[in-house]
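Enquirer: Just one file: target.cif, with mmCIF, C-alpha atoms.
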data_my_file
#
loop_
_atom_site.label_atom_id
_atom_site.label_comp_id
_atom_site.auth_asym_id
_atom_site.auth_seq_id
_atom_site.Cartn_x
_atom_site.Cartn_y
_atom_site.Cartn_z
CA GLY M 1 86.02 74.34 111.05
CA MET M 2 84.70 77.18 113.23
CA GLY M 3 82.61 79.70 111.30
CA GLU M 4 83.88 79.85 107.73
CA SER M 5 87.36 78.54 108.51
CA SER M 6 88.67 75.32 107.01
CA PHE M 7 88.77 72.18 109.13
CA HIS M 8 92.19 70.60 109.73
CA LYS M 9 92.68 67.16 111.22
CA GLY M 10 95.38 66.62 113.81
CA ARG M 11 95.04 70.12 115.25
CA GLU M 12 97.26 70.99 118.25
CA VAL M 13 97.13 73.81 120.79
CA LEU M 14 100.30 75.41 119.42
CA ASP M 15 98.82 75.48 115.91
CA TYR M 16 96.79 78.53 116.95
CA ALA M 17 100.02 80.42 117.71
CA ARG M 18 101.37 79.31 114.34
CA ASP M 19 98.23 80.67 112.66
CA ILE M 20 98.80 84.04 114.32
CA GLU M 21 102.45 83.96 113.25
CA GLU M 22 101.46 83.28 109.64
CA LEU M 23 98.90 86.10 109.71
CA ALA M 24 101.31 88.59 111.29
CA ASN M 25 104.06 87.69 108.82
CA GLY M 26 101.65 88.06 105.91
CA LEU M 27 100.61 91.51 107.14
CA GLU M 28 104.23 92.41 107.94
CA ILE M 29 103.42 93.05 111.60
CA THR M 30 106.50 92.49 113.75
CA GLU M 31 104.96 93.03 117.20
CA PHE M 32 101.44 92.51 118.50
CA GLY M 33 99.37 91.71 121.56
CA VAL M 34 96.99 88.81 122.09
CA LEU M 35 93.82 88.47 124.15
CA GLY M 36 91.65 85.39 124.53
CA TRP M 37 88.55 84.54 126.52
CA SER M 38 87.19 81.28 127.94
CA GLY M 39 87.89 78.42 125.51
CA GLY M 40 90.28 80.73 123.69
CA GLY M 41 92.36 81.25 126.81
CA ALA M 42 94.51 78.15 126.37
CA PHE M 43 95.44 79.17 122.84
CA THR M 44 96.28 82.68 124.02
CA THR M 45 98.47 81.29 126.79
CA ALA M 46 100.21 79.13 124.20
CA CYS M 47 101.28 82.32 122.40
CA SER M 48 103.33 83.32 125.44
CA TYR M 49 105.23 80.06 125.11
CA TYR M 50 105.56 80.11 121.34
CA PHE M 51 106.66 83.70 120.72
CA SER M 52 109.98 84.80 122.19
CA ASP M 53 110.03 88.55 121.57
CA ARG M 54 107.07 89.59 119.40
CA LEU M 55 104.35 89.90 122.07
CA LEU M 56 103.53 93.35 123.44
CA PHE M 57 100.98 91.93 125.86
CA ASN M 58 99.18 88.67 126.61
CA ILE M 59 95.83 88.83 128.38
CA VAL M 60 93.76 85.76 129.22
CA LEU M 61 90.15 86.11 130.36
CA ALA M 62 88.88 83.14 132.39
CA GLY M 63 90.70 80.49 130.39
CA TYR M 64 91.63 76.86 130.91
CA THR M 65 94.88 75.49 132.29
CA ASN M 66 96.98 72.60 130.99
CA PHE M 67 94.99 69.57 132.17
CA ASN M 68 98.10 67.42 131.85
CA GLU M 69 99.67 69.40 134.72
CA LEU M 70 96.64 69.65 137.03
CA PRO M 71 95.62 66.23 138.40
CA LYS M 72 91.88 65.51 138.25
CA SER M 73 91.24 68.82 136.49
CA GLU M 74 87.66 67.85 135.68
CA THR M 75 86.71 67.67 139.36
CA TYR M 76 87.03 71.46 139.64
CA LEU M 77 84.27 71.97 137.08
CA ILE M 78 80.91 72.74 138.66
CA SER M 79 78.78 71.41 135.82
CA LYS M 80 78.31 67.63 135.85
CA LEU M 81 77.80 67.82 132.09
CA ASP M 82 81.24 69.41 131.69
CA GLN M 83 82.77 66.71 133.88
CA LEU M 84 81.05 64.06 131.78
CA SER M 85 82.27 65.60 128.53
CA ILE M 86 85.89 65.46 129.69
CA ASN M 87 85.58 61.81 130.67
CA LEU M 88 83.94 61.05 127.32
CA SER M 89 86.74 62.84 125.45
CA ILE M 90 89.26 60.51 127.10
CA LYS M 91 87.43 57.20 127.20
CA TYR M 92 84.78 57.43 124.48
CA PRO M 93 85.76 60.01 121.82
CA VAL M 94 82.93 58.92 119.52
CA LEU M 95 80.35 59.70 122.20
CA PHE M 96 82.14 63.00 122.86
CA LYS M 97 81.67 63.94 119.20
CA LEU M 98 78.02 62.83 119.31
CA MET M 99 77.47 65.13 122.28
CA PHE M 100 78.59 68.13 120.22
CA ILE M 101 76.49 67.03 117.28
CA SER M 102 73.48 66.94 119.62
CA MET M 103 74.33 70.33 121.08
CA ASN M 104 74.60 71.80 117.60
CA TYR M 105 71.22 70.35 116.65
CA PHE M 106 69.64 71.63 119.89
CA GLN M 107 70.90 75.21 119.47
CA ARG M 108 69.84 75.30 115.83
CA ILE M 109 66.31 73.92 116.26
CA MET M 110 65.47 75.50 119.62
CA PRO M 111 67.89 78.39 120.21
CA ASN M 112 65.78 80.11 122.87
CA THR M 113 65.26 76.90 124.84
CA PHE M 114 68.97 76.15 124.54
CA TYR M 115 69.73 79.63 125.88
CA ARG M 116 67.39 79.25 128.87
CA PHE M 117 68.97 75.89 129.69
CA PHE M 118 72.43 77.45 129.48
CA VAL M 119 71.54 80.42 131.73
CA GLN M 120 70.32 78.15 134.55
CA SER M 121 73.89 77.22 135.51
CA LEU M 122 75.17 80.80 135.71
CA CYS M 123 75.96 82.84 138.81
CA ARG M 124 73.86 85.91 139.71
CA SER M 125 76.21 88.38 138.03
CA ASP M 126 76.18 86.41 134.79
CA LYS M 127 72.41 85.96 134.88
CA GLU M 128 72.01 89.73 135.07
CA ILE M 129 74.16 90.16 131.97
CA ALA M 130 72.44 87.26 130.21
CA SER M 131 69.02 88.85 130.79
CA ASP M 132 69.94 91.63 128.36
CA GLU M 133 68.28 91.06 124.98
CA VAL M 134 71.26 92.35 123.01
CA PHE M 135 73.55 89.92 124.83
CA ARG M 136 71.11 87.04 124.29
CA MET M 137 70.95 87.60 120.54
CA MET M 138 74.71 88.07 120.31
CA LEU M 139 75.39 84.74 122.04
CA ILE M 140 72.79 82.87 119.99
CA ASN M 141 74.19 84.31 116.75
CA SER M 142 77.75 83.55 117.84
CA LEU M 143 76.89 79.90 118.47
CA SER M 144 75.04 79.67 115.18
CA GLY M 145 78.04 81.14 113.35
CA ALA M 146 80.56 78.91 115.10
CA PHE M 147 78.60 75.79 114.11
CA SER M 148 77.58 77.07 110.68
CA GLN M 149 79.38 74.21 108.87
CA ASN M 150 78.96 71.41 111.40
CA SER M 151 80.12 70.49 114.90
CA ASN M 152 83.66 69.37 113.96
CA GLY M 153 85.39 72.65 114.75
CA GLY M 154 83.70 73.03 118.14
CA THR M 155 84.48 69.43 119.01
CA VAL M 156 88.19 69.87 118.28
CA ASP M 157 88.39 73.18 120.13
CA ALA M 158 86.86 71.62 123.24
CA LEU M 159 89.02 68.52 122.96
CA LEU M 160 92.20 70.62 122.81
CA ASN M 161 91.16 72.52 125.94
CA TYR M 162 91.01 69.18 127.75
CA SER M 163 94.30 67.89 126.32
CA ASP M 164 98.01 68.25 126.91
CA TRP M 165 99.21 71.57 125.48
CA GLY M 166 102.52 70.18 124.26
CA PHE M 167 104.56 72.30 126.65
CA ASN M 168 104.76 73.00 130.38
CA ILE M 169 103.48 76.18 131.99
CA LYS M 170 106.84 76.77 133.68
CA ASP M 171 108.44 77.06 130.23
CA ILE M 172 106.31 80.04 129.20
CA LYS M 173 108.66 82.84 128.15
CA ASN M 174 106.46 85.95 128.25
CA ARG M 175 104.50 87.78 130.89
CA LEU M 176 100.85 86.86 131.41
CA ASN M 177 97.94 88.88 132.74
CA ILE M 178 94.94 86.76 133.70
CA PHE M 179 91.49 88.07 134.64
CA HIS M 180 88.98 85.76 136.30
CA GLY M 181 85.66 86.30 138.07
CA SER M 182 85.49 84.85 141.57
CA GLU M 183 81.95 83.50 140.99
CA ASP M 184 82.60 81.89 137.59
CA THR M 185 80.54 78.69 137.25
CA LEU M 186 81.71 77.85 133.71
CA VAL M 187 85.50 77.92 134.03
CA PRO M 188 86.80 77.43 137.61
CA VAL M 189 89.05 80.08 139.15
CA LYS M 190 91.32 77.18 140.09
CA PHE M 191 92.47 76.96 136.47
CA SER M 192 93.80 80.52 136.49
CA GLU M 193 95.29 80.05 139.94
CA HIS M 194 97.11 76.97 138.67
CA ILE M 195 98.71 78.94 135.84
CA LYS M 196 99.64 81.73 138.25
CA GLU M 197 101.27 79.24 140.64
CA ASN M 198 103.30 77.50 137.94
CA SER M 199 104.38 80.31 135.61
CA ASN M 200 107.42 82.54 135.92
CA ASP M 201 105.72 85.90 135.37
CA CYS M 202 101.97 86.09 135.79
CA THR M 203 99.57 88.55 137.41
CA LEU M 204 96.14 87.21 138.32
CA HIS M 205 93.43 89.86 138.50
CA LEU M 206 90.68 88.25 140.60
CA LEU M 207 87.37 90.05 140.14
CA GLU M 208 85.27 89.59 143.25
CA GLY M 209 81.57 89.02 142.64
CA TYR M 210 81.92 88.61 138.88
CA GLY M 211 81.23 85.50 136.84
CA HIS M 212 82.30 84.38 133.38
CA PHE M 213 80.84 87.33 131.47
CA PHE M 214 82.82 90.05 133.27
CA PRO M 215 84.42 91.32 130.00
CA PHE M 216 81.09 92.98 129.18
CA LYS M 217 81.40 95.19 132.27
CA TYR M 218 85.16 95.29 132.78
CA GLN M 219 86.49 96.36 129.38
CA LYS M 220 88.11 99.62 130.50
CA GLU M 221 90.11 97.87 133.20
CA ILE M 222 91.23 95.09 130.85
CA PHE M 223 92.45 97.48 128.18
CA ALA M 224 94.07 99.69 130.82
CA VAL M 225 96.30 96.71 131.68
CA ALA M 226 97.03 96.18 127.97
CA THR M 227 98.01 99.86 127.66
CA LEU M 228 100.27 99.62 130.70
CA GLU M 229 102.01 96.55 129.27
CA LEU M 230 102.50 98.37 125.97
CA GLN M 231 104.09 101.30 127.78
CA LYS M 232 106.46 98.99 129.66
CA LYS M 233 107.54 97.36 126.41
CA ARG M 234 108.18 100.73 124.79
CA LEU M 235 110.42 101.77 127.68
CA ASN M 236 112.59 98.62 127.48
#
Represent the structure from my file as C-alpha coordinates, please.
Expert:
Amino acid sequence: GMGESSFHKGREVLDYARDIEELANGLEITEFGVLGWSGGGAFTTACSYYFSDRLLFNIVLAGYTNFNELPKSETYLISKLDQLSINLSIKYPVLFKLMFISMNYFQRIMPNTFYRFFVQSLCRSDKEIASDEVFRMMLINSLSGAFSQNSNGGTVDALLNYSDWGFNIKDIKNRLNIFHGSEDTLVPVKFSEHIKENSNDCTLHLLEGYGHFFPFKYQKEIFAVATLELQKKRLN
(Lines of atoms letter the chains of each structure in order from A and count residues from 1; the text may use other names and numbers.)
(Lines give C-alpha, C1' and ligand atoms only; values in the text may rest on other atoms or scores of the structure.)
Protein backbone atom coordinates (compact mmCIF):
# COMPACT_ATOMS: atom_id res chain seq x y z
CA GLY A 1 0.00 0.00 0.00
CA MET A 2 3.02 2.34 -0.05
CA GLY A 3 3.36 4.29 -3.29
CA GLU A 4 1.94 2.21 -6.11
CA SER A 5 2.37 -1.14 -4.36
CA SER A 6 -0.60 -3.36 -3.56
CA PHE A 7 -1.91 -3.50 0.00
CA HIS A 8 -1.82 -6.88 1.76
CA LYS A 9 -3.59 -7.60 5.01
CA GLY A 10 -1.82 -9.60 7.69
CA ARG A 11 1.61 -8.26 6.78
CA GLU A 12 4.56 -9.44 8.91
CA VAL A 13 8.11 -8.14 9.30
CA LEU A 14 9.59 -11.19 7.59
CA ASP A 15 7.33 -10.68 4.57
CA TYR A 16 9.69 -7.93 3.42
CA ALA A 17 12.55 -10.44 3.26
CA ARG A 18 10.28 -12.79 1.34
CA ASP A 19 9.52 -10.00 -1.14
CA ILE A 20 13.24 -9.49 -1.71
CA GLU A 21 13.69 -13.23 -2.14
CA GLU A 22 10.93 -13.35 -4.76
CA LEU A 23 12.44 -10.38 -6.61
CA ALA A 24 15.97 -11.80 -6.54
CA ASN A 25 14.76 -15.20 -7.73
CA GLY A 26 12.78 -13.60 -10.53
CA LEU A 27 15.85 -11.65 -11.66
CA GLU A 28 18.06 -14.72 -11.17
CA ILE A 29 20.29 -12.89 -8.68
CA THR A 30 21.92 -15.36 -6.30
CA GLU A 31 23.73 -12.92 -4.00
CA PHE A 32 22.96 -9.34 -3.02
CA GLY A 33 23.34 -6.74 -0.30
CA VAL A 34 20.62 -4.89 1.58
CA LEU A 35 20.51 -1.41 3.10
CA GLY A 36 17.63 0.17 4.98
CA TRP A 37 17.09 3.46 6.76
CA SER A 38 14.86 4.52 9.66
CA GLY A 39 11.52 2.70 9.45
CA GLY A 40 13.08 0.39 6.88
CA GLY A 41 15.79 -0.69 9.31
CA ALA A 42 13.74 -3.41 10.99
CA PHE A 43 12.94 -5.01 7.65
CA THR A 44 16.59 -4.85 6.63
CA THR A 45 17.64 -6.48 9.90
CA ALA A 46 15.07 -9.20 9.26
CA CYS A 47 16.94 -10.08 6.06
CA SER A 48 19.97 -11.06 8.13
CA TYR A 49 17.79 -13.55 9.97
CA TYR A 50 15.90 -14.82 6.94
CA PHE A 51 18.75 -15.36 4.46
CA SER A 52 21.39 -17.93 5.34
CA ASP A 53 24.04 -17.44 2.65
CA ARG A 54 22.81 -14.99 0.00
CA LEU A 55 23.67 -11.67 1.68
CA LEU A 56 26.88 -9.91 0.69
CA PHE A 57 26.30 -7.12 3.20
CA ASN A 58 23.58 -5.83 5.52
CA ILE A 59 23.66 -2.17 6.51
CA VAL A 60 21.06 -0.56 8.76
CA LEU A 61 20.87 3.22 9.10
CA ALA A 62 19.22 4.40 12.33
CA GLY A 63 16.60 1.67 12.46
CA TYR A 64 14.29 0.24 15.09
CA THR A 65 14.91 -2.74 17.34
CA ASN A 66 12.57 -5.60 18.20
CA PHE A 67 10.21 -3.97 20.72
CA ASN A 68 9.27 -7.40 22.04
CA GLU A 69 12.83 -7.79 23.35
CA LEU A 70 13.36 -4.28 24.76
CA PRO A 71 11.08 -3.59 27.75
CA LYS A 72 9.32 -0.21 27.66
CA SER A 73 10.80 0.56 24.24
CA GLU A 74 8.53 3.57 23.78
CA THR A 75 10.07 5.37 26.76
CA TYR A 76 13.32 5.85 24.80
CA LEU A 77 11.52 7.90 22.16
CA ILE A 78 11.97 11.63 22.64
CA SER A 79 8.76 12.68 20.91
CA LYS A 80 5.65 12.44 23.08
CA LEU A 81 3.63 11.99 19.90
CA ASP A 82 5.71 8.92 19.00
CA GLN A 83 5.21 7.52 22.50
CA LEU A 84 1.47 8.13 22.17
CA SER A 85 1.32 6.42 18.79
CA ILE A 86 2.91 3.26 20.18
CA ASN A 87 0.46 3.13 23.06
CA LEU A 88 -2.42 3.68 20.64
CA SER A 89 -1.18 0.88 18.38
CA ILE A 90 -1.38 -1.52 21.33
CA LYS A 91 -4.49 -0.37 23.15
CA TYR A 92 -6.56 1.49 20.55
CA PRO A 93 -5.64 0.36 17.00
CA VAL A 94 -8.58 2.25 15.49
CA LEU A 95 -7.30 5.52 16.93
CA PHE A 96 -3.81 4.61 15.72
CA LYS A 97 -5.16 4.29 12.18
CA LEU A 98 -7.07 7.57 12.54
CA MET A 99 -3.83 9.29 13.53
CA PHE A 100 -2.23 8.25 10.24
CA ILE A 101 -5.30 9.28 8.29
CA SER A 102 -5.02 12.72 9.92
CA MET A 103 -1.30 12.92 9.20
CA ASN A 104 -1.92 12.04 5.57
CA TYR A 105 -4.58 14.73 5.30
CA PHE A 106 -2.31 17.30 7.00
CA GLN A 107 0.67 16.67 4.70
CA ARG A 108 -1.52 16.76 1.60
CA ILE A 109 -3.45 19.95 2.39
CA MET A 110 -0.65 21.91 4.09
CA PRO A 111 2.68 20.30 3.12
CA ASN A 112 4.83 23.31 4.04
CA THR A 113 3.18 23.70 7.45
CA PHE A 114 3.55 19.97 8.04
CA TYR A 115 7.24 20.24 7.17
CA ARG A 116 7.83 23.16 9.54
CA PHE A 117 6.09 21.24 12.33
CA PHE A 118 8.25 18.20 11.61
CA VAL A 119 11.53 20.17 11.60
CA GLN A 120 10.88 21.63 15.06
CA SER A 121 11.72 18.32 16.75
CA LEU A 122 15.05 17.83 14.96
CA CYS A 123 18.55 18.25 16.35
CA ARG A 124 20.83 21.04 15.06
CA SER A 125 22.59 18.84 12.51
CA ASP A 126 19.29 17.66 11.04
CA LYS A 127 17.85 21.18 10.99
CA GLU A 128 20.82 22.31 8.90
CA ILE A 129 20.15 19.56 6.38
CA ALA A 130 16.39 20.19 6.47
CA SER A 131 16.94 23.89 5.65
CA ASP A 132 18.11 22.91 2.17
CA GLU A 133 15.36 23.51 -0.39
CA VAL A 134 16.21 20.41 -2.42
CA PHE A 135 15.96 18.26 0.70
CA ARG A 136 12.66 19.90 1.69
CA MET A 137 11.05 19.19 -1.67
CA MET A 138 12.42 15.65 -1.73
CA LEU A 139 10.92 14.84 1.67
CA ILE A 140 7.56 16.43 0.85
CA ASN A 141 7.39 14.54 -2.46
CA SER A 142 8.43 11.30 -0.77
CA LEU A 143 5.63 11.60 1.78
CA SER A 144 3.13 12.47 -0.93
CA GLY A 145 4.22 9.43 -2.95
CA ALA A 146 4.15 7.07 0.03
CA PHE A 147 0.57 8.09 0.85
CA SER A 148 -0.57 8.42 -2.77
CA GLN A 149 -3.25 5.72 -2.37
CA ASN A 150 -4.24 6.24 1.26
CA SER A 151 -2.75 5.87 4.73
CA ASN A 152 -3.08 2.07 4.99
CA GLY A 153 0.46 1.24 3.90
CA GLY A 154 2.06 3.78 6.22
CA THR A 155 -0.08 2.60 9.12
CA VAL A 156 0.98 -1.03 8.65
CA ASP A 157 4.65 -0.13 8.23
CA ALA A 158 4.62 1.83 11.49
CA LEU A 159 2.67 -0.87 13.30
CA LEU A 160 5.20 -3.53 12.28
CA ASN A 161 8.06 -1.39 13.58
CA TYR A 162 6.35 -1.40 16.98
CA SER A 163 5.54 -5.13 16.92
CA ASP A 164 7.26 -8.44 17.56
CA TRP A 165 9.47 -9.32 14.60
CA GLY A 166 8.71 -13.03 14.77
CA PHE A 167 12.27 -13.96 15.67
CA ASN A 168 14.88 -13.06 18.29
CA ILE A 169 17.88 -10.85 17.59
CA LYS A 170 20.25 -13.49 18.96
CA ASP A 171 19.11 -15.84 16.17
CA ILE A 172 20.28 -13.53 13.38
CA LYS A 173 22.64 -15.50 11.14
CA ASN A 174 24.49 -12.82 9.19
CA ARG A 175 26.76 -9.95 10.04
CA LEU A 176 25.22 -6.52 10.62
CA ASN A 177 26.65 -3.04 10.21
CA ILE A 178 24.59 -0.34 11.91
CA PHE A 179 25.10 3.41 11.54
CA HIS A 180 23.42 5.79 13.97
CA GLY A 181 23.80 9.49 14.73
CA SER A 182 24.47 10.29 18.38
CA GLU A 183 22.03 13.24 18.33
CA ASP A 184 19.13 11.46 16.60
CA THR A 185 15.81 12.73 17.99
CA LEU A 186 13.60 10.55 15.75
CA VAL A 187 14.96 7.05 16.36
CA PRO A 188 16.88 6.65 19.66
CA VAL A 189 20.47 5.40 19.58
CA LYS A 190 19.36 2.95 22.27
CA PHE A 191 17.59 0.89 19.61
CA SER A 192 20.82 0.30 17.68
CA GLU A 193 22.74 -0.32 20.89
CA HIS A 194 20.16 -2.94 21.84
CA ILE A 195 20.69 -4.82 18.58
CA LYS A 196 24.46 -4.57 19.00
CA GLU A 197 24.26 -5.96 22.54
CA ASN A 198 22.04 -8.91 21.59
CA SER A 199 23.34 -10.00 18.19
CA ASN A 200 26.18 -12.39 17.46
CA ASP A 201 28.04 -10.30 14.87
CA CYS A 202 27.28 -6.60 14.71
CA THR A 203 29.38 -3.46 14.33
CA LEU A 204 27.78 -0.21 15.49
CA HIS A 205 29.16 2.90 13.80
CA LEU A 206 28.19 5.74 16.15
CA LEU A 207 28.38 9.10 14.38
CA GLU A 208 29.04 11.81 16.94
CA GLY A 209 27.16 15.05 16.40
CA TYR A 210 24.93 13.68 13.65
CA GLY A 211 21.18 13.23 13.75
CA HIS A 212 18.76 11.12 11.73
CA PHE A 213 19.64 12.57 8.32
CA PHE A 214 23.34 11.65 8.38
CA PRO A 215 23.07 9.53 5.17
CA PHE A 216 22.95 12.78 3.20
CA LYS A 217 26.44 13.69 4.43
CA TYR A 218 27.92 10.28 5.17
CA GLN A 219 27.35 8.35 1.94
CA LYS A 220 31.01 7.70 1.11
CA GLU A 221 31.66 6.17 4.52
CA ILE A 222 28.55 3.99 4.36
CA PHE A 223 29.38 2.59 0.94
CA ALA A 224 33.01 2.14 1.95
CA VAL A 225 31.78 -0.30 4.61
CA ALA A 226 29.61 -2.05 2.01
CA THR A 227 32.64 -2.38 -0.28
CA LEU A 228 34.75 -3.79 2.54
CA GLU A 229 32.08 -6.37 3.35
CA LEU A 230 31.90 -7.35 -0.31
CA GLN A 231 35.66 -7.84 -0.41
CA LYS A 232 35.55 -10.05 2.70
CA LYS A 233 32.84 -12.20 1.15
CA ARG A 234 34.83 -12.60 -2.06
CA LEU A 235 37.87 -13.79 -0.10
CA ASN A 236 35.92 -16.48 1.80
Enquirer: Can you tell me how far atom CA of Phe32 of chain M sits from atom CA of Leu230 of chain M, in Å to one decimal?
Expert: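 Between these atoms lies a distance of 9.6 Å.
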Enquirer: I'd like to know which of M:Ser73, M:Thr45, M:Asn150, M:Gln231 is closest to Val187 of chain M, using all atoms listed in the file.
Expert: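 Comparing M:Ser73, M:Thr45, M:Asn150, M:Gln231 against Val187 of chain M, the winner is M:Ser73.
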Enquirer: Apply the PyMOL selection byres ((chain M and resi 218) around 12) to the file shown and report the selected residues as a ChimeraX atom specification.
Expert: /M:61,179-181,205-208,210-217,219-225
Enquirer: So what do you get for atom CA of Asn174 of chain M versus atom CA of Tyr162 of chain M, distance-wise?
Expert: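 That distance, rounded to one decimal, is 22.8 Å.
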Enquirer: For the structure shown, which residues end up in the PyMOL selection byres ((chain M and resi 81) around 12)? Put them as a ChimeraX atom specification, please?
Expert: /M:74-75,77-80,82-88,96,99-100,103,118,121,186
Enquirer: Place a sphere of radius 12 Å on (103.6, 90.3, 114.2) in the file coordinates and name every protein, DNA or RNA residue with an atom inside or on its surface, counting only C-alpha atoms; give the answer as a tab-separated table (two decimals) with C-alpha atoms, in the frame of the given file.
Expert:
chain	number	residue	atom	x	y	z
M	17	ALA	CA	100.02	80.42	117.71
M	18	ARG	CA	101.37	79.31	114.34
M	19	ASP	CA	98.23	80.67	112.66
M	20	ILE	CA	98.80	84.04	114.32
M	21	GLU	CA	102.45	83.96	113.25
M	22	GLU	CA	101.46	83.28	109.64
M	23	LEU	CA	98.90	86.10	109.71
M	24	ALA	CA	101.31	88.59	111.29
M	25	ASN	CA	104.06	87.69	108.82
M	26	GLY	CA	101.65	88.06	105.91
M	27	LEU	CA	100.61	91.51	107.14
M	28	GLU	CA	104.23	92.41	107.94
M	29	ILE	CA	103.42	93.05	111.60
M	30	THR	CA	106.50	92.49	113.75
M	31	GLU	CA	104.96	93.03	117.20
M	32	PHE	CA	101.44	92.51	118.50
M	33	GLY	CA	99.37	91.71	121.56
M	34	VAL	CA	96.99	88.81	122.09
M	47	CYS	CA	101.28	82.32	122.40
M	51	PHE	CA	106.66	83.70	120.72
M	52	SER	CA	109.98	84.80	122.19
M	53	ASP	CA	110.03	88.55	121.57
M	54	ARG	CA	107.07	89.59	119.40
M	55	LEU	CA	104.35	89.90	122.07
M	56	LEU	CA	103.53	93.35	123.44
Enquirer: What is the distance, in Å and to one decimal place, between atom CA of Met2 of chain M and atom CA of Asp157 of chain M?
Expert: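 Separation between atom CA of Met2 of chain M and atom CA of Asp157 of chain M: 8.8 Å.
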Enquirer: Counting only C-alpha atoms, which of M:Ser148, M:Gln120, M:Met137, M:Pro71 gets nearest to Tyr105 of chain M?
Expert: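 Closest candidate: M:Ser148.
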Enquirer: Give me the result of the PyMOL selection byres ((chain M and resi 164) around 8) on this file, residue by residue, as a PyMOL selection string.
Expert: chain M and resi 66-68+160+162-163+165-167
Enquirer: Looking at all atoms listed in the file, which of M:Asn58, M:Ser89, M:Asn236, M:Ser38 is the one that sits closest to Cys202 of chain M?
Expert: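 Smallest separation from Cys202 of chain M among the options: M:Asn58.
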Enquirer: Between M:Ile178, M:Thr113, M:Thr227, M:Gly3, which is the closest to Gly153 of chain M once you count only C-alpha atoms?
Expert: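 Among the listed residues, the smallest separation from Gly153 of chain M belongs to M:Gly3.
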Enquirer: For each of M:Asn152, M:Ser48, M:Ser131, M:Asn177, take the minimum atom-to-atom distance to His8 of chain M, counting only C-alpha atoms, then give the residue where this is smallest.
Expert: M:Asn152
Enquirer: Tell me which of M:Thr155, M:Phe191, M:Leu139, M:Gly40 sits closest to Arg11 of chain M, counting all atoms listed in the file.
Expert: M:Thr155
Enquirer: Given 3 Å of margin on each side, can you work out the centre and size in Å (one decimal) of an axis-aligned box holding every listed atom of segment 82-94 of chain M, as JSON?
Expert:
{"center_x": 85.2, "center_y": 63.3, "center_z": 126.7, "size_x": 14.2, "size_y": 18.2, "size_z": 20.4}
